[in-house]
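Trainee: Take a look at the following structure, please.
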Amino acid sequence: MKAHEKLNYVELPAHDLSRTKKFFSAVFDWIFEDYGPGYTAFTNQGLDGGFYQSELKSLTSHGAALLVFYSDDLVSTQSKIETHGGEITKPIFSFPGGRRFHFTEPSGNEFAVWSD
């Protein structure tokens, strides 16, 4: 939904668009639409966005923003991520307000998942 001066779209690099699409479809039920061989857009996520063909990676250690998912069942979500080719980079840890973990998807972009 478009709203004046609110975040509307996010774009991320991906060196393997096919594996990245397969991963997010399987784990988070994202829907993709390809726009040529070097770009794919996703919906069904709350914030729409896309992946562009690139050897770059979005990592917090490189100064990138961290996109964080919410899960009602942290352990189940972690298991789905691992089953579908994601790599856990920071195991579950507590922080004020909940618990979370970080992972990279098949193209190497870092995300996190948190729960109450």
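Following the order of the structure tokens, chains are lettered A, B, ..., residues in each are numbered from 1, and ligands are numbered from 1.
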Just the residues within 7 Å of Ala112 of chain A, please, counting only C-alpha atoms, with nothing from its chain fewer than 5 positions along; format it as a list of chain:residue names.
Mentor: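 Listed by chain and then number, they are A:Leu67, A:Val68, A:Phe69, A:Arg100, A:Phe101, A:His102, A:Phe103.
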Trainee: Write the selection just made, keeping all heavy atoms, as a compact mmCIF listing (two decimals), in the first residue's frame?
Mentor:
```
# COMPACT_ATOMS: atom_id res chain seq x y z
N LEU A 67 17.13 -6.09 7.78
CA LEU A 67 15.70 -6.34 7.68
C LEU A 67 15.36 -7.50 8.61
O LEU A 67 16.01 -8.54 8.58
CB LEU A 67 15.30 -6.66 6.25
CG LEU A 67 15.59 -5.56 5.23
CD1 LEU A 67 15.25 -6.02 3.82
CD2 LEU A 67 14.83 -4.30 5.57
N VAL A 68 14.34 -7.30 9.46
CA VAL A 68 14.03 -8.26 10.51
C VAL A 68 12.61 -8.78 10.36
O VAL A 68 11.66 -8.00 10.29
CB VAL A 68 14.21 -7.61 11.91
CG1 VAL A 68 13.96 -8.62 13.02
CG2 VAL A 68 15.59 -6.99 12.05
N PHE A 69 12.48 -10.10 10.31
CA PHE A 69 11.18 -10.77 10.26
C PHE A 69 10.69 -11.00 11.69
O PHE A 69 11.49 -11.12 12.61
CB PHE A 69 11.31 -12.15 9.61
CG PHE A 69 11.65 -12.13 8.16
CD1 PHE A 69 12.97 -12.13 7.75
CD2 PHE A 69 10.65 -12.15 7.20
CE1 PHE A 69 13.30 -12.14 6.41
CE2 PHE A 69 10.98 -12.17 5.85
CZ PHE A 69 12.30 -12.15 5.46
N ARG A 100 16.16 -13.40 19.22
CA ARG A 100 16.28 -13.40 17.77
C ARG A 100 17.51 -14.16 17.33
O ARG A 100 18.36 -14.52 18.13
CB ARG A 100 16.29 -11.98 17.21
CG ARG A 100 17.59 -11.23 17.35
CD ARG A 100 17.44 -9.85 16.76
NE ARG A 100 18.72 -9.23 16.48
CZ ARG A 100 18.89 -7.94 16.28
NH1 ARG A 100 17.85 -7.13 16.33
NH2 ARG A 100 20.07 -7.45 16.01
N PHE A 101 17.59 -14.38 16.00
CA PHE A 101 18.78 -14.94 15.37
C PHE A 101 18.98 -14.24 14.04
O PHE A 101 18.06 -13.61 13.50
CB PHE A 101 18.68 -16.46 15.20
CG PHE A 101 17.61 -16.92 14.25
CD1 PHE A 101 17.87 -17.07 12.89
CD2 PHE A 101 16.33 -17.22 14.70
CE1 PHE A 101 16.88 -17.49 12.01
CE2 PHE A 101 15.34 -17.66 13.84
CZ PHE A 101 15.62 -17.79 12.49
N HIS A 102 20.20 -14.34 13.49
CA HIS A 102 20.52 -13.77 12.18
C HIS A 102 20.82 -14.92 11.22
O HIS A 102 21.32 -15.97 11.64
CB HIS A 102 21.74 -12.86 12.26
CG HIS A 102 21.51 -11.61 13.04
ND1 HIS A 102 22.15 -10.44 12.75
CD2 HIS A 102 20.70 -11.33 14.09
CE1 HIS A 102 21.77 -9.50 13.59
NE2 HIS A 102 20.89 -10.03 14.43
N PHE A 103 20.55 -14.69 9.95
CA PHE A 103 20.85 -15.70 8.93
C PHE A 103 21.20 -15.02 7.61
O PHE A 103 20.91 -13.85 7.41
CB PHE A 103 19.66 -16.65 8.74
CG PHE A 103 18.46 -16.03 8.05
CD1 PHE A 103 18.29 -16.14 6.68
CD2 PHE A 103 17.49 -15.35 8.78
CE1 PHE A 103 17.18 -15.58 6.05
CE2 PHE A 103 16.38 -14.79 8.18
CZ PHE A 103 16.23 -14.91 6.80
```
Trainee: Any idea what's packed within 7 Å of Thr40 of chain A, counting only C-alpha atoms, ignoring anything in its chain fewer than 6 positions away? Could you give it as a list in words?
Mentor: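 Listing them by chain and then by number gives Phe32, Glu33, Asp34, Gly50, Phe51 and Tyr52 of chain A.
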Trainee: Given the selection you just returned, output its residues as a file containing all heavy atoms, formatted as a CSV table (one decimal), in the first residue's frame.
Mentor:
```csv
chain,number,residue,atom,x,y,z
A,32,PHE,N,7.0,-14.0,-6.5
A,32,PHE,CA,7.9,-13.3,-7.4
A,32,PHE,C,7.4,-13.0,-8.8
A,32,PHE,O,6.6,-13.8,-9.3
A,32,PHE,CB,9.2,-14.0,-7.5
A,32,PHE,CG,10.1,-14.0,-6.2
A,32,PHE,CD1,9.9,-15.0,-5.3
A,32,PHE,CD2,11.0,-13.0,-6.0
A,32,PHE,CE1,10.7,-15.0,-4.1
A,32,PHE,CE2,11.7,-13.0,-4.9
A,32,PHE,CZ,11.6,-13.9,-3.9
A,33,GLU,N,7.8,-11.9,-9.3
A,33,GLU,CA,7.6,-11.6,-10.8
A,33,GLU,C,8.9,-11.1,-11.4
A,33,GLU,O,9.5,-10.2,-10.9
A,33,GLU,CB,6.5,-10.5,-10.9
A,33,GLU,CG,6.1,-10.3,-12.4
A,33,GLU,CD,5.0,-9.3,-12.5
A,33,GLU,OE1,4.3,-9.0,-11.5
A,33,GLU,OE2,4.8,-8.8,-13.7
A,34,ASP,N,9.3,-11.8,-12.4
A,34,ASP,CA,10.6,-11.5,-13.1
A,34,ASP,C,10.4,-10.3,-14.0
A,34,ASP,O,9.4,-10.2,-14.7
A,34,ASP,CB,11.1,-12.7,-13.8
A,34,ASP,CG,11.5,-13.8,-12.9
A,34,ASP,OD1,11.8,-13.5,-11.7
A,34,ASP,OD2,11.6,-14.9,-13.4
A,50,GLY,N,12.5,-6.0,-4.4
A,50,GLY,CA,13.1,-6.8,-5.4
A,50,GLY,C,14.5,-7.2,-5.2
A,50,GLY,O,15.2,-6.6,-4.3
A,51,PHE,N,15.0,-8.1,-6.0
A,51,PHE,CA,16.4,-8.5,-6.0
A,51,PHE,C,17.0,-8.2,-7.4
A,51,PHE,O,16.3,-8.5,-8.4
A,51,PHE,CB,16.6,-10.0,-5.8
A,51,PHE,CG,16.3,-10.3,-4.3
A,51,PHE,CD1,15.0,-10.8,-4.0
A,51,PHE,CD2,17.3,-10.2,-3.4
A,51,PHE,CE1,14.8,-11.2,-2.7
A,51,PHE,CE2,17.0,-10.6,-2.1
A,51,PHE,CZ,15.7,-11.1,-1.7
A,52,TYR,N,18.1,-7.5,-7.5
A,52,TYR,CA,18.8,-7.3,-8.7
A,52,TYR,C,20.1,-8.1,-8.8
A,52,TYR,O,20.7,-8.4,-7.8
A,52,TYR,CB,19.1,-5.8,-8.9
A,52,TYR,CG,19.9,-5.2,-7.8
A,52,TYR,CD1,21.3,-5.2,-7.8
A,52,TYR,CD2,19.3,-4.7,-6.6
A,52,TYR,CE1,22.1,-4.6,-6.8
A,52,TYR,CE2,20.1,-4.1,-5.6
A,52,TYR,CZ,21.4,-4.1,-5.7
A,52,TYR,OH,22.2,-3.6,-4.7
```
Trainee: Would you please work out which residue, of A:Gly85, A:Gly49, A:Pro13, A:Gly38, is nearest to Glu105 of chain A when using only C-alpha atoms?
Mentor: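 Smallest separation from Glu105 of chain A among the options: A:Gly85.
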Trainee: Taking into account only C-alpha atoms, which residue in the set A:Asp116, A:Glu11, A:Glu5, A:Glu110 is nearest to Ser54 of chain A?
Mentor: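 Of all the options, A:Glu11 lies closest to Ser54 of chain A.
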Trainee: Between atom CA of Ile81 of chain A and atom CA of Pro37 of chain A, what is the distance in Å, rounded to a tenth?
Mentor: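 Atom-to-atom, atom CA of Ile81 of chain A to atom CA of Pro37 of chain A, that is 25.4 Å.
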